[in-house]
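*Asks:* Below is a structure I'd like to ask you about.
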Amino acid sequence: MIEYLRFLFRNKWYIIVEVIGISVALAFTIPLLSFFSDKWEIDHGKEFKRVYAVCPVDESFETTIGLGQELIEAVPEIDRYAQIYVSGNNAISVGDNTLSALGIAVSRDFFTFFDIKFSEGSPLSLADRKSVLISGSLAAKIDNDAMGKPLTCAGEEYIVNGIFDDLHNSLLPSADIIFSIDSPMLDAQWANPSGYWEDIVTFIRIQDGFKAKDILNKCKDACKNFYSSYYAQHPDAVIKLIRYDKISSNIYNYSLTQTWGLSLWAVELFGIILFIFAFVNYVNLNVALSTKRGKEWALKKLLGSSEKGIRMANFLETLLITSVCFVLGYGLSKYIFPVFNSFFNVTHTFIELDSSLTPGKILFYGIFILLLSVITALIPSKIAKRYSAIDIVNGGYRAQLKKDTSSILIGIQCFISIVLLSVSILFYAQYKKMADRPRGEMAENVFVISGNYPREALATAADALRSLPFVQAVGLSNDCPGDGSYSRGTLKSEDGASTDLYVIHCDADAFNAFGFVTESGKKVSDGLWLTNSARDIISQDNAGIDDGYLASRFGAEVKGIVSDFVINAENDIPAALKVSDSGEFNRLVINTAGRYDSYPEEILGTFRKAFSDTNYDYALPKTAGYIDSYYEKSLSPTKAILSMVVIYALLALLLTVLGLVAMSTYYISLHRKDSAVRKVFGATGGEEIRRHIYRYLKIVVAASVIGIILSIIINDAIILSYSYRLNSTYWIYILAVIIVASIAFLSVYLQARRAAFKNPVLYLRDE
């Protein structure tokens, strides 16, 4: 070990590159390791092999509130069921405090499926429909003694009868408040238990001794009987049972974790790529350094040391460096965990990474360090094993590395850099395109307030807002362009192809406040109004509207056409407006004359004051702002991915610079004897610089070709996930190659210049 420490001191530059590169990469890898460790514990929780989620339509797991009871009665092999409904961010009032809390509603057996610990109270209290449970963090915001306190949500009063530990990396979102599924907020669903489709996930637990395949047909019959009208229209729909430990990796549902697949996919993919990049750096430099230690190993062999002993010593030395890097990486990761959590929060992926150490994580990290050390130590020793001690001493090992290995190592650096750079440039260009897209015919000065408000209170507030001198129109709506929460229908073209149709439900006043333009100046009346793009999909005489599905689905006939407008910044989907005075609206749409900084404050002040004239308690709006803020919010997932990818790309560039400079130093050192001999026979320093650059850039060009091919495959897959996308991407690959080639050129030029003008006698003497 003392010889190894001396060796490290003599090769400080190589070691610094190793430590920085692998430590930075580990700082971004450790949060992912933490996630996978937590995921393992979650996926292998309470009797997970007997617990399944029912998927009666598709893998969104959208069910209705009555499905659980139907399955229990129809399938004797099911002993329990649990249902989860996410109510989203709820405005709750406790005394004079108004807070926002993410809420879920659960059925009685929910706590036998999920392991949630309580500091006070009991889940049994949810037998009372007006009882709620709150998290420890919410309890701290309310009062030191929150138990038994009343709180108000959506006009209903509840009593706090339990405080649970904050949910951490559960399959569930990190809820602050748990309601009973029998609570008043779900009365509408209970009134129509088989027809009110929501993001309600239904779990079942199979009796011991049975498997999913044993009861699948019975579950299919039960679902088809319970949803008879749906399956009459969709006879080919597939019914699935997905086991508990498989859900978190392949689900798309707002009610459970990992719901926005692209965000998790992006973090995992680029995290893995970044780590592989640093790992390649690590292995590259270990192989390079093995040429310097080759004579030491050869002499030990000649002096009687066993090959096994040398390998073990090499492993322990590598384990030392890896452990040091992991400790440094863990220290850096403390600043990375909040970045990841912020990213997951923006992209609605309900994961919260925790940097704390647990026995499970320590074991997980230890296994990772050992595997990394074994692989890193094994590769150089495997290469060196092919050579005898005499070959190593007389230079055969070094000559072979000079001929083949150095080219491969340098090529890998450039290849990975081009892939990361091209992907990051693509995300930036795609984000800019969506951010700058025209939004169609719609007024710009539209202020929207949304929340869980009774319609009567909204109507009273609307009357008060109409009295403001700068307000031109006020209406009620259930949806808003850019917000992302819409009713959805289906259009069928004459050739039978289906297309999603988003429907905004509003009254005539909101229609005018939004500024939608009717074709031929028709007066707005109750009914369904299609956009131009929706009309283009169906036939002119409306015969192609899915056999009257729209009219039956939305309870309104098509009355006319409106000019196109953009549903949100990411998608290019046809839309419609259902104009009706009936319904439970949850938004106020306010059209203002111009935009001034004082308007939002006056609007919100008037809105709050109007509640004093009603019998309802005021609660803070879920969202409030001009319509462009909603579009910006719809871009937030793409913007978050862009930020994450840019971080990875910048780190990749840093590692590229470190790696290429180190490898070019190594590359020049392999060829310095050749250069010295040529200079003795008359070659100039400039000729040697050009020779080194030419050899080096040939490797870069070859790596660039491979990198561009892979980049095109990855980028095409990414770009196709967007409806509104870039028209041309060829310039991205040119720019990525220019950046990497410039870094490579400068790296080898600086090293070659230093070597070319050094006295050749010094190199020959060293040899």
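All residue names refer to the structure tokens as shown: chains lettered A, B, ... in order, residues numbered from 1 in each chain, ligands numbered from 1 in order.
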Need to verify the contact set: A:Pro56, 8 Å, only C-alpha atoms, exclusion of same-chain residues closer than 3 positions in sequence. Can you return it as a ChimeraX atom specification?

*Replies:* /A:61-63,220,223,238-240

*Asks:* So that I have them on file, write out the residues from the current selection with N, CA and C atoms, as a compact mmCIF listing (two decimals), in the first residue's frame.

*Replies:*
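The result, written out as part-v1.txt:
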# COMPACT_ATOMS: atom_id res chain seq x y z
N PHE A 61 -55.19 2.79 -15.01
CA PHE A 61 -55.83 2.31 -13.78
C PHE A 61 -56.98 3.20 -13.34
N GLU A 62 -57.57 3.93 -14.25
CA GLU A 62 -58.72 4.77 -13.90
C GLU A 62 -59.93 3.88 -13.68
N THR A 63 -60.49 3.92 -12.48
CA THR A 63 -61.67 3.11 -12.16
C THR A 63 -62.73 4.02 -11.56
N LYS A 220 -62.51 -10.26 -15.03
CA LYS A 220 -62.96 -9.74 -16.33
C LYS A 220 -64.48 -9.74 -16.41
N CYS A 223 -65.89 -6.94 -14.18
CA CYS A 223 -65.71 -5.61 -14.77
C CYS A 223 -66.67 -5.39 -15.94
N VAL A 238 -58.96 -4.42 -22.92
CA VAL A 238 -58.21 -5.44 -22.19
C VAL A 238 -58.28 -5.15 -20.69
N ILE A 239 -58.56 -6.18 -19.91
CA ILE A 239 -58.60 -6.05 -18.45
C ILE A 239 -57.36 -6.73 -17.88
N LYS A 240 -56.65 -6.03 -16.98
CA LYS A 240 -55.40 -6.56 -16.43
C LYS A 240 -55.40 -6.52 -14.91

*Asks:* Could you give me, as a list in words, the residues within 9 Å of A:Ser125, counting only C-alpha atoms and dropping anything in the same chain fewer than 5 positions from it?

*Replies:*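 Once the nearby chain positions are removed, what remains is Ser131, Val132, Leu133, Asn161 and Gly162 of chain A.
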
*Asks:* Using only C-alpha atoms, which protein or nucleic acid residues come within 9 Å of A:Ile181? Drop anything in the same chain fewer than 4 positions from it, and give the result as a PyMOL selection string.

*Replies:* chain A and resi 65+83-85+104-108+126+129+185-186

*Asks:* For A:Ser93, find every residue with an atom within 9 Å (counting only C-alpha atoms), except residues of its own chain fewer than 3 positions away, and show them as a list in words.

*Replies:*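 The neighbour list is Asp96, Asn97, Thr98, Leu99, Ser100, Pro150, Leu151, Thr152, Cys153, Asp617, Tyr618 and Ala619 of chain A.
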
*Asks:* Restrict the selected residues to N, CA, C and O atoms and save them as a CSV table (one decimal), in the first residue's frame.

*Replies:*
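Contents of out18.csv, as written:
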chain,number,residue,atom,x,y,z
A,96,ASP,N,-57.7,31.0,11.7
A,96,ASP,CA,-57.5,32.1,10.8
A,96,ASP,C,-56.5,31.8,9.7
A,96,ASP,O,-56.2,32.6,8.9
A,97,ASN,N,-55.9,30.6,9.8
A,97,ASN,CA,-54.9,30.1,8.8
A,97,ASN,C,-55.6,29.5,7.6
A,97,ASN,O,-56.5,28.6,7.8
A,98,THR,N,-55.1,29.8,6.4
A,98,THR,CA,-55.5,29.1,5.2
A,98,THR,C,-54.3,28.5,4.6
A,98,THR,O,-53.3,29.2,4.3
A,99,LEU,N,-54.3,27.2,4.4
A,99,LEU,CA,-53.2,26.5,3.9
A,99,LEU,C,-53.5,25.6,2.7
A,99,LEU,O,-54.7,25.3,2.5
A,100,SER,N,-52.5,25.3,1.9
A,100,SER,CA,-52.7,24.4,0.8
A,100,SER,C,-52.1,23.0,1.2
A,100,SER,O,-51.0,22.9,1.7
A,150,PRO,N,-60.9,21.4,14.4
A,150,PRO,CA,-61.7,21.4,13.2
A,150,PRO,C,-61.0,22.1,12.1
A,150,PRO,O,-60.2,23.0,12.3
A,151,LEU,N,-61.2,21.6,10.9
A,151,LEU,CA,-60.7,22.3,9.7
A,151,LEU,C,-61.7,22.3,8.6
A,151,LEU,O,-62.6,21.4,8.6
A,152,THR,N,-61.7,23.3,7.8
A,152,THR,CA,-62.7,23.4,6.7
A,152,THR,C,-62.0,23.2,5.3
A,152,THR,O,-61.0,23.8,5.1
A,153,CYS,N,-62.7,22.5,4.5
A,153,CYS,CA,-62.2,22.2,3.1
A,153,CYS,C,-63.4,22.2,2.2
A,153,CYS,O,-64.4,21.4,2.5
A,617,ASP,N,-66.9,29.9,3.7
A,617,ASP,CA,-65.7,30.3,4.2
A,617,ASP,C,-64.7,30.5,3.0
A,617,ASP,O,-64.7,29.7,2.1
A,618,TYR,N,-64.0,31.6,3.0
A,618,TYR,CA,-63.0,31.9,1.9
A,618,TYR,C,-61.8,31.0,2.0
A,618,TYR,O,-61.3,30.7,3.1
A,619,ALA,N,-61.3,30.5,0.9
A,619,ALA,CA,-60.1,29.7,0.8
A,619,ALA,C,-59.3,30.3,-0.3
A,619,ALA,O,-59.8,30.8,-1.3

*Asks:* Between atom CA of A:Ile739 and atom CA of A:Tyr431, measure the distance and give it in Å to one decimal.

*Replies:* 21.0 Å

*Asks:* At what distance in Å, to one decimal, does atom CA of A:Ile708 lie from atom CA of A:Thr376?

*Replies:* 27.8 Å

*Asks:* Quick one: pull the distance between atom CA of A:Arg587 and atom CA of A:Ser135, Å, one decimal.

*Replies:*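 About the pair atom CA of A:Arg587 and atom CA of A:Ser135: they are 28.7 Å apart.
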
*Asks:* Based on the backbone DSSP call, show me all residues of stretch 401-476 of chain A assigned alpha helix (DSSP H), as a VMD selection string.

*Replies:* chain A and resid 406 to 435 455 to 466

*Asks:* Please produce a file of those selected residues containing C-alpha atoms, as a compact mmCIF listing (two decimals), in the first residue's frame.

*Replies:*
# COMPACT_ATOMS: atom_id res chain seq x y z
CA SER A 406 -5.34 4.44 -26.44
CA SER A 407 -7.40 4.95 -29.61
CA ILE A 408 -10.36 3.09 -28.12
CA LEU A 409 -10.22 5.03 -24.87
CA ILE A 410 -10.12 8.41 -26.60
CA GLY A 411 -12.90 7.43 -28.99
CA ILE A 412 -15.25 6.47 -26.16
CA GLN A 413 -14.78 9.90 -24.56
CA CYS A 414 -15.80 11.72 -27.72
CA PHE A 415 -18.66 9.36 -28.55
CA ILE A 416 -20.45 9.83 -25.21
CA SER A 417 -19.87 13.60 -25.24
CA ILE A 418 -21.53 13.99 -28.64
CA VAL A 419 -24.59 11.98 -27.55
CA LEU A 420 -25.12 14.03 -24.38
CA LEU A 421 -24.52 17.35 -26.10
CA SER A 422 -26.83 16.65 -29.02
CA VAL A 423 -29.66 15.55 -26.71
CA SER A 424 -29.28 18.65 -24.51
CA ILE A 425 -29.22 20.97 -27.54
CA LEU A 426 -32.34 19.24 -28.89
CA PHE A 427 -34.25 19.75 -25.64
CA TYR A 428 -33.27 23.43 -25.58
CA ALA A 429 -34.38 23.98 -29.19
CA GLN A 430 -37.65 22.10 -28.63
CA TYR A 431 -38.42 24.09 -25.49
CA LYS A 432 -37.78 27.40 -27.26
CA LYS A 433 -40.05 26.37 -30.13
CA MET A 434 -42.90 25.52 -27.77
CA ALA A 435 -42.39 28.64 -25.64
CA ARG A 455 -70.89 27.70 -7.79
CA GLU A 456 -73.07 30.09 -5.78
CA ALA A 457 -69.98 31.72 -4.27
CA LEU A 458 -68.36 32.05 -7.71
CA ALA A 459 -71.51 33.64 -9.13
CA THR A 460 -71.56 36.18 -6.30
CA ALA A 461 -67.87 36.98 -6.88
CA ALA A 462 -68.49 37.31 -10.63
CA ASP A 463 -71.17 39.97 -10.01
CA ALA A 464 -68.78 41.89 -7.75
CA LEU A 465 -65.95 41.73 -10.32
CA ARG A 466 -68.17 43.08 -13.11

*Asks:* Identify which of the residues A:Val448, A:Ala127, A:Ile693, A:Leu528 lies closest to A:Tyr626, counting only C-alpha atoms when measuring atom-to-atom distances.

*Replies:*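 Smallest separation from A:Tyr626 among the options: A:Val448.
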